[in-house]
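**Student:** Supplied structure: upload36.txt, compact mmCIF, C-alpha atoms.
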# COMPACT_ATOMS: atom_id res chain seq x y z
CA MET K 24 15.85 57.72 -19.29
CA SER K 25 15.22 56.05 -22.60
CA ASN K 26 14.02 57.73 -25.78
CA GLN K 27 11.69 60.48 -24.54
CA PRO K 28 11.01 64.17 -25.23
CA LYS K 29 13.30 66.59 -23.38
CA GLN K 30 10.40 68.29 -21.62
CA PHE K 31 9.74 65.14 -19.57
CA ARG K 32 13.27 64.67 -18.24
CA PHE K 33 14.07 64.32 -14.53
CA LYS K 34 15.50 67.83 -14.57
CA TYR K 35 11.91 69.01 -14.85
CA SER K 36 9.99 66.34 -12.93
CA SER K 37 12.28 66.74 -9.91
CA ILE K 38 10.48 69.94 -8.89
CA PHE K 39 7.54 67.79 -7.77
CA GLN K 40 9.69 67.00 -4.74
CA ASP K 41 9.40 70.64 -3.65
CA GLU K 42 7.16 71.30 -0.65
CA SER K 43 5.97 74.53 -2.27
CA VAL K 44 4.75 72.68 -5.37
CA VAL K 45 3.03 70.03 -3.28
CA ARG K 46 1.25 72.66 -1.16
CA ALA K 47 -0.13 74.28 -4.31
CA TYR K 48 -1.64 70.94 -5.43
CA ARG K 49 -4.65 71.55 -3.18
CA TYR K 50 -5.81 74.27 -5.61
CA ARG K 51 -5.90 71.97 -8.60
CA PRO K 52 -9.32 70.74 -9.80
CA ARG K 53 -10.46 67.33 -8.53
CA TYR K 54 -11.67 64.47 -10.69
CA PRO K 55 -15.47 64.09 -10.98
CA ALA K 56 -16.91 61.40 -8.66
CA GLU K 57 -18.35 59.63 -11.72
CA LEU K 58 -14.82 58.89 -12.89
CA PHE K 59 -14.21 56.51 -9.98
CA GLU K 60 -17.40 54.58 -10.76
CA LEU K 61 -16.16 54.17 -14.32
CA LEU K 62 -12.77 53.01 -13.08
CA THR K 63 -14.23 50.27 -10.87
CA LYS K 64 -16.25 49.01 -13.86
CA LEU K 65 -12.96 48.44 -15.72
CA MET K 66 -11.80 45.91 -13.10
CA PRO K 67 -11.76 42.38 -14.58
CA PRO K 68 -14.76 40.67 -12.91
CA THR K 69 -12.81 37.71 -11.56
CA CYS K 70 -9.69 39.65 -10.52
CA SER K 71 -8.70 38.98 -6.91
CA PRO K 72 -7.63 40.66 -4.72
CA ARG K 73 -9.31 43.82 -6.03
CA ALA K 74 -6.07 45.80 -5.92
CA VAL K 75 -4.97 48.84 -7.93
CA LEU K 76 -1.52 50.35 -8.38
CA ASP K 77 -1.74 54.14 -8.73
CA ALA K 78 1.45 55.14 -10.51
CA GLY K 79 2.70 58.68 -9.94
CA CYS K 80 0.00 59.29 -7.36
CA GLY K 81 1.11 62.76 -6.24
CA THR K 82 -1.02 63.71 -3.24
CA GLY K 83 -3.55 61.00 -4.09
CA PHE K 84 -6.27 62.65 -6.18
CA VAL K 85 -7.01 59.20 -7.66
CA ALA K 86 -5.83 56.92 -4.85
CA ARG K 87 -7.69 58.59 -1.96
CA SER K 88 -11.01 58.43 -3.82
CA LEU K 89 -10.49 54.90 -5.07
CA ALA K 90 -9.35 53.23 -1.83
CA PRO K 91 -12.81 52.97 -0.20
CA LEU K 92 -14.16 51.21 -3.31
CA LEU K 93 -11.56 48.41 -3.44
CA GLU K 94 -9.63 45.97 -1.31
CA ARG K 95 -6.32 47.81 -1.70
CA VAL K 96 -4.74 50.75 -3.49
CA ASP K 97 -0.95 50.96 -3.60
CA ALA K 98 -0.12 54.61 -4.29
CA VAL K 99 3.41 55.17 -5.61
CA ASP K 100 5.24 58.44 -6.12
CA PHE K 101 8.91 59.39 -6.17
CA SER K 102 8.10 62.57 -4.22
CA ALA K 103 8.20 62.01 -0.47
CA ALA K 104 6.78 65.52 -0.05
CA ALA K 105 3.71 64.63 -2.13
CA ILE K 106 3.08 61.49 -0.12
CA ARG K 107 3.50 63.31 3.20
CA GLU K 108 0.85 65.78 2.03
CA GLY K 109 -1.39 62.99 0.72
CA ARG K 110 -1.38 61.22 4.09
CA ARG K 111 -2.68 64.43 5.72
CA LEU K 112 -5.50 65.06 3.23
CA PRO K 113 -9.06 63.66 3.53
CA GLY K 114 -8.98 59.90 2.94
CA GLY K 115 -5.19 59.81 3.19
CA ASP K 116 -5.27 57.52 6.21
CA HIS K 117 -7.74 55.01 4.74
CA PRO K 118 -6.81 51.46 5.83
CA GLN K 119 -7.04 50.17 2.25
CA LEU K 120 -4.56 52.78 0.99
CA ARG K 121 -0.85 52.06 1.11
CA TRP K 122 1.59 54.87 0.27
CA ILE K 123 4.92 53.90 -1.31
CA VAL K 124 7.78 56.35 -1.97
CA GLY K 125 10.00 55.53 -4.92
CA PRO K 126 10.32 55.56 -8.71
CA ILE K 127 7.57 53.59 -10.44
CA GLU K 128 10.16 52.04 -12.74
CA SER K 129 11.84 50.11 -9.91
CA VAL K 130 10.24 50.51 -6.46
CA ALA K 131 9.13 47.31 -4.71
CA VAL K 132 5.37 46.74 -5.02
CA ASP K 133 2.95 43.90 -4.35
CA PRO K 134 1.43 42.47 -7.57
CA PRO K 135 -0.79 41.29 -9.13
CA TYR K 136 -2.95 44.34 -9.78
CA CYS K 137 -6.32 44.46 -11.52
CA LEU K 138 -5.67 47.99 -12.77
CA ILE K 139 -2.69 50.31 -12.96
CA THR K 140 -3.81 53.93 -12.99
CA ALA K 141 -1.83 57.05 -13.82
CA GLY K 142 -3.51 60.37 -13.08
CA ALA K 143 -1.84 63.07 -15.19
CA SER K 144 1.51 61.41 -14.45
CA MET K 145 2.24 59.04 -17.32
CA HIS K 146 4.30 61.60 -19.23
CA TRP K 147 6.91 61.58 -16.46
CA PHE K 148 7.56 57.82 -16.52
CA ASP K 149 10.47 56.23 -18.31
CA TRP K 150 8.04 54.64 -20.76
CA GLU K 151 10.25 51.91 -22.15
CA VAL K 152 10.94 50.66 -18.63
CA ALA K 153 7.58 51.36 -16.99
CA PHE K 154 5.22 49.85 -19.56
CA PRO K 155 6.95 46.46 -19.78
CA ARG K 156 6.99 46.45 -15.99
CA PHE K 157 3.27 47.21 -15.90
CA ALA K 158 2.69 44.24 -18.21
CA ARG K 159 4.36 42.01 -15.63
CA LEU K 160 2.54 43.57 -12.64
CA LEU K 161 -1.00 43.21 -14.00
CA ALA K 162 -3.26 40.24 -13.34
CA PRO K 163 -4.67 38.42 -16.40
CA GLY K 164 -7.10 40.79 -18.10
CA GLY K 165 -5.81 43.72 -16.06
CA LEU K 166 -5.56 47.15 -17.66
CA PHE K 167 -3.44 50.27 -17.62
CA VAL K 168 -5.66 53.36 -17.36
CA ALA K 169 -4.50 56.90 -18.07
CA VAL K 170 -6.69 59.22 -15.98
CA GLY K 171 -7.06 62.81 -17.04
CA MET K 172 -9.31 65.79 -17.63
CA ARG K 173 -10.71 67.48 -20.69
CA HIS K 174 -11.12 71.18 -19.97
CA ASP K 175 -13.62 73.41 -21.70
CA ARG K 176 -11.57 76.59 -21.24
CA PRO K 177 -12.98 80.06 -21.86
CA GLY K 178 -11.42 82.09 -24.65
CA TRP K 179 -9.35 84.29 -22.36
CA MET K 180 -7.56 81.28 -20.89
CA ARG K 181 -6.67 79.97 -24.32
CA GLU K 182 -5.64 83.34 -25.70
CA GLU K 183 -4.07 85.14 -22.74
CA LEU K 184 -2.95 82.46 -20.28
CA GLU K 185 -0.88 80.26 -22.56
CA PRO K 186 1.53 83.03 -23.68
CA VAL K 187 2.12 83.99 -20.03
CA LEU K 188 2.85 80.39 -19.07
CA ALA K 189 5.22 80.04 -22.00
CA ARG K 190 7.05 83.23 -21.02
CA TYR K 191 7.58 82.36 -17.35
CA SER K 192 7.93 78.56 -17.34
CA MET K 193 11.32 77.23 -16.27
CA ASN K 194 10.72 74.23 -18.55
CA ARG K 195 12.31 75.71 -21.65
CA ASP K 196 11.74 72.47 -23.56
CA PHE K 197 7.97 72.51 -23.09
CA ALA K 198 5.77 71.62 -26.06
CA PRO K 199 2.05 70.79 -26.08
CA TYR K 200 1.29 67.08 -25.65
CA SER K 201 -1.61 64.76 -24.89
CA ALA K 202 -1.94 61.40 -23.16
CA GLY K 203 -3.57 60.06 -26.33
CA ALA K 204 -0.59 61.05 -28.45
CA ILE K 205 1.87 59.50 -25.99
CA LEU K 206 -0.09 56.23 -25.94
CA ALA K 207 -0.37 56.21 -29.74
CA ASP K 208 3.41 56.56 -29.94
CA LEU K 209 3.90 53.74 -27.43
CA GLU K 210 1.48 51.57 -29.40
CA GLU K 211 3.45 52.16 -32.58
CA ARG K 212 6.61 51.09 -30.77
CA GLY K 213 5.07 47.91 -29.38
CA PHE K 214 4.78 48.92 -25.72
CA TYR K 215 1.01 49.31 -25.54
CA ARG K 216 -2.26 48.20 -27.12
CA SER K 217 -5.17 50.64 -26.87
CA LEU K 218 -8.50 49.07 -25.91
CA GLY K 219 -10.91 51.85 -25.05
CA SER K 220 -11.78 55.26 -23.68
CA ALA K 221 -14.53 56.96 -21.69
CA GLN K 222 -15.43 60.39 -20.43
CA THR K 223 -17.59 61.60 -17.55
CA ASP K 224 -20.21 64.28 -17.83
CA THR K 225 -18.81 67.81 -17.72
CA ILE K 226 -18.85 69.36 -14.25
CA GLU K 227 -18.32 72.89 -12.98
CA TRP K 228 -15.92 73.81 -10.21
CA ARG K 229 -15.36 77.34 -8.94
CA GLN K 230 -12.45 78.88 -7.10
CA PRO K 231 -11.17 82.34 -6.08
CA ILE K 232 -8.67 83.99 -8.44
CA GLY K 233 -5.95 83.89 -5.80
CA GLU K 234 -6.24 80.13 -5.47
CA TRP K 235 -6.20 79.70 -9.22
CA VAL K 236 -2.98 81.73 -9.45
CA GLU K 237 -1.52 79.58 -6.68
CA SER K 238 -2.48 76.42 -8.61
CA ILE K 239 -0.17 77.53 -11.42
CA HIS K 240 2.74 76.91 -9.04
CA ALA K 241 1.73 73.24 -8.82
CA ARG K 242 2.72 72.93 -12.47
CA ASN K 243 6.00 71.76 -13.82
CA GLY K 244 8.17 74.78 -14.58
CA PHE K 245 6.59 77.03 -11.92
CA SER K 246 8.16 75.94 -8.63
CA ARG K 247 9.12 78.80 -6.35
CA GLY K 248 11.65 76.61 -4.57
CA PRO K 249 11.95 73.63 -2.22
CA ASP K 250 10.13 75.43 0.60
CA GLY K 251 8.27 78.15 -1.24
CA PRO K 252 7.80 81.86 -0.69
CA GLU K 253 6.88 81.61 3.01
CA THR K 254 10.43 80.68 3.93
CA GLY K 255 12.11 82.69 1.24
CA GLY K 256 13.02 79.54 -0.70
CA MET L 7 15.16 55.02 -0.03
CA PRO L 8 17.99 57.52 -0.50
CA ALA L 9 17.11 61.15 -1.12
CA MET L 10 16.81 61.98 -4.83
CA ALA L 11 18.64 64.83 -6.48
CA PHE L 12 17.01 68.21 -7.14
CA PRO L 13 18.44 69.25 -10.50
CA GLY L 14 15.41 71.29 -11.57
CA ASP L 15 15.32 75.05 -12.02
CA ARG L 16 13.10 77.22 -9.81
CA MET L 17 11.49 80.57 -10.57
CA ASP L 18 13.35 83.65 -9.51
CA PRO L 19 11.20 85.19 -6.71
CA LYS L 20 10.88 88.48 -8.58
CA LEU L 21 9.76 86.74 -11.76
CA ALA L 22 7.34 84.57 -9.78
CA ALA L 23 5.77 87.67 -8.24
CA GLU L 24 5.61 89.33 -11.67
CA ALA L 25 3.89 86.28 -13.15
CA ASP L 26 1.41 86.15 -10.26
CA ALA L 27 0.52 89.82 -10.72
CA LEU L 28 0.03 89.36 -14.45
CA LEU L 29 -2.14 86.25 -14.01
CA THR L 30 -4.22 88.02 -11.36
CA GLU L 31 -4.72 90.99 -13.66
CA ILE L 32 -5.76 88.79 -16.60
CA ALA L 33 -8.20 86.77 -14.50
CA THR L 34 -9.69 89.81 -12.78
CA ARG L 35 -10.27 91.49 -16.12
CA ASN L 36 -11.93 88.42 -17.65
CA VAL L 37 -13.96 86.90 -14.83
CA SER L 38 -17.42 88.43 -14.93
CA SER L 39 -19.22 86.55 -12.15
CA PRO L 40 -20.50 88.80 -9.33
CA ASP L 41 -18.64 86.78 -6.69
CA GLY L 42 -15.36 86.99 -8.63
CA LEU L 43 -14.89 83.23 -8.76
CA ILE L 44 -13.36 81.46 -11.75
CA THR L 45 -15.56 78.68 -13.13
CA HIS L 46 -13.76 75.62 -14.46
CA ARG L 47 -15.71 73.30 -16.76
CA TYR L 48 -14.20 69.91 -17.36
CA ALA L 49 -14.84 66.20 -17.72
CA GLY L 50 -12.81 63.30 -16.36
CA THR L 51 -11.24 61.12 -19.04
CA LEU L 52 -10.05 57.52 -19.10
CA LEU L 53 -7.88 55.88 -21.76
CA TRP L 54 -7.21 52.20 -21.19
CA GLY L 55 -5.30 49.39 -22.74
CA GLN L 56 -2.76 46.67 -22.32
CA PRO L 57 0.89 47.45 -21.56
CA LEU L 58 3.24 45.20 -23.49
CA GLU L 59 6.81 44.04 -23.25
CA PRO L 60 8.23 43.92 -26.77
CA ALA L 61 10.26 40.85 -27.58
CA GLY L 62 13.92 41.48 -26.84
CA ASN L 63 13.22 44.59 -24.77
CA LYS L 64 16.63 45.93 -23.77
CA ASN L 65 15.31 48.10 -20.95
CA ARG L 66 14.11 45.29 -18.73
CA PRO L 67 15.51 45.98 -15.24
CA LYS L 68 16.54 43.20 -12.88
CA LEU L 69 13.40 43.14 -10.73
CA CYS L 70 11.49 40.34 -9.10
CA ASP L 71 8.06 41.32 -10.41
I'd like the structure from this file rewritten - as structure tokens, please.
**Tutor:**
Amino acid sequence: MSNQPKQFRFKYSSIFQDESVVRAYRYRPRYPAELFELLTKLMPPTCSPRAVLDAGCGTGFVARSLAPLLERVDAVDFSAAAIREGRRLPGGDHPQLRWIVGPIESVAVDPPYCLITAGASMHWFDWEVAFPRFARLLAPGGLFVAVGMRHDRPGWMREELEPVLARYSMNRDFAPYSAGAILADLEERGFYRSLGSAQTDTIEWRQPIGEWVESIHARNGFSRGPDGPETGG
Amino acid sequence: MPAMAFPGDRMDPKLAAEADALLTEIATRNVSSPDGLITHRYAGTLLWGQPLEPAGNKNRPKLCD
């Protein structure tokens, strides 16, 4: 991997191949429906076919919602476990959704794409390889879109949760980061040109405490093993 | 494609259970809703732009894109 912070190295991203991590994904918050309307409005009007490459798709939080709105979504992830889970989830068998297992930096895909999306995954790419490749895969006027969330966390999460995560995380190189800061760095180095941003309305989503605790194990640094606790892994 | 390596570290089961208990205790103490559910408030965000290939990029792989 080229010049990138230690916390994003394959040593740490490899845990997303663990079945236990993938199973815990279902307890993560979902993107607001409004976000997918905004995404389709970013498609260049004359772009054809209306195809999107979802890079680092995981279990398809972006791809499964986007597929019914477009002609084709190619959803790529290096984790076969994530894609197996994604196929089983609602919308995972949509005819306009094509799952592809492999590293986004080199796996065979089917350009041109009107958009390339990355839902909370961009930090794991080998940026100096992936972004030039994205430039070649996009149709004229096509865009790269970093998809994320802005959380309005209560005080106790900010004050009490973060120290616990720092104490138990297996990613000993972790440091706070943001997609905006990564893109600003890439822009400075000539790999990216920022064109815009948008945000949906704030939504509320509620879950039991047990599920929230489980969702922590879908994070980098918190894998309980390839198979998880049920099999003693 | 060939299977990829698994070089990452996993949590020790005892430490994982300890972390779960601590997180449960913190959440239980702080969540005040009668049904005991945690409320997440968040917005979806989009940042868009144009990926570029700098002149003389040395990382260009041999692909047929």
**Student:** Residues of chain K that approach chain L to 7 Å or less, counting only C-alpha atoms: could you list each one with the shortest pair of atoms and its distance in Å to one decimal, rows by chain and increasing residue number, as a Markdown table?
**Tutor:**
| residue | atom | partner | partner_atom | distance |
| --- | --- | --- | --- | --- |
| K:Lys34 | CA | L:Gly14 | CA | 4.6 |
| K:Tyr35 | CA | L:Gly14 | CA | 5.3 |
| K:Ser37 | CA | L:Phe12 | CA | 5.7 |
| K:Ile38 | CA | L:Gly14 | CA | 5.8 |
| K:Tyr54 | CA | L:Gly50 | CA | 5.9 |
| K:Pro55 | CA | L:Gly50 | CA | 6.1 |
| K:Leu58 | CA | L:Gly50 | CA | 6.0 |
| K:Glu151 | CA | L:Asn65 | CA | 6.4 |
| K:Val152 | CA | L:Asn65 | CA | 5.6 |
| K:Phe154 | CA | L:Pro57 | CA | 5.3 |
| K:Pro155 | CA | L:Glu59 | CA | 4.2 |
| K:Phe157 | CA | L:Pro57 | CA | 6.1 |
| K:Ala158 | CA | L:Pro57 | CA | 5.0 |
| K:Arg159 | CA | L:Asp71 | CA | 6.4 |
| K:Leu160 | CA | L:Asp71 | CA | 6.4 |
| K:Leu166 | CA | L:Gln56 | CA | 5.5 |
| K:Phe167 | CA | L:Gly55 | CA | 5.5 |
| K:Val168 | CA | L:Trp54 | CA | 4.3 |
| K:Ala169 | CA | L:Leu53 | CA | 5.1 |
| K:Val170 | CA | L:Leu52 | CA | 4.9 |
| K:Gly171 | CA | L:Thr51 | CA | 4.9 |
| K:Met172 | CA | L:Gly50 | CA | 4.5 |
| K:Arg173 | CA | L:Ala49 | CA | 5.2 |
| K:His174 | CA | L:Tyr48 | CA | 4.2 |
| K:Asp175 | CA | L:Arg47 | CA | 5.4 |
| K:Arg176 | CA | L:Arg47 | CA | 6.9 |
| K:Trp179 | CA | L:Asn36 | CA | 6.8 |
| K:Tyr191 | CA | L:Ala25 | CA | 6.8 |
| K:Met193 | CA | L:Asp15 | CA | 6.2 |
| K:Gly213 | CA | L:Pro60 | CA | 5.7 |
| K:Phe214 | CA | L:Leu58 | CA | 4.6 |
| K:Tyr215 | CA | L:Pro57 | CA | 4.4 |
| K:Arg216 | CA | L:Gln56 | CA | 5.1 |
| K:Ser217 | CA | L:Gly55 | CA | 4.3 |
| K:Leu218 | CA | L:Gly55 | CA | 4.5 |
| K:Gly219 | CA | L:Trp54 | CA | 5.4 |
| K:Ser220 | CA | L:Leu53 | CA | 4.4 |
| K:Ala221 | CA | L:Leu52 | CA | 5.2 |
| K:Gln222 | CA | L:Thr51 | CA | 4.5 |
| K:Thr223 | CA | L:Gly50 | CA | 5.2 |
| K:Asp224 | CA | L:Ala49 | CA | 5.7 |
| K:Thr225 | CA | L:Ala49 | CA | 4.3 |
| K:Ile226 | CA | L:Tyr48 | CA | 5.6 |
| K:Glu227 | CA | L:Arg47 | CA | 4.6 |
| K:Trp228 | CA | L:His46 | CA | 5.1 |
| K:Arg229 | CA | L:Thr45 | CA | 4.4 |
| K:Gln230 | CA | L:Leu43 | CA | 5.3 |
| K:Pro231 | CA | L:Leu43 | CA | 4.7 |
| K:Ile232 | CA | L:Ile44 | CA | 6.3 |
| K:Val236 | CA | L:Asp26 | CA | 6.3 |
| K:Phe245 | CA | L:Met17 | CA | 6.2 |
| K:Ser246 | CA | L:Arg16 | CA | 5.2 |
| K:Arg247 | CA | L:Met17 | CA | 5.2 |
| K:Gly248 | CA | L:Arg16 | CA | 5.5 |
**Student:** Can you work out the spacing between atom CA of Ile127 of chain K and atom CA of Gly79 of chain K in Å, to one decimal?
**Tutor:**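 Atom CA of Ile127 of chain K sits 7.1 Å away from atom CA of Gly79 of chain K.
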**Student:** Measure the distance from atom CA of Arg49 of chain K to atom CA of Pro249 of chain K in Å and round it to one decimal.
**Tutor:**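 Separating atom CA of Arg49 of chain K from atom CA of Pro249 of chain K is a distance of 16.8 Å.
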**Student:** Neighbouring residues of Glu108 of chain K were defined as those with any atom within 10 Å, considering all atoms listed in the file; residues of the same chain fewer than 3 positions away were excluded. Please report them as a PyMOL selection string.
**Tutor:** chain K and resi 42+45-46+48-49+81-83+103-105+111-112+115
**Student:** Between atom CA of Ala207 of chain K and atom CA of Ala189 of chain K, what is the spacing in Å?
**Tutor:**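 Going from atom CA of Ala189 of chain K over to atom CA of Ala207 of chain K covers 25.7 Å.
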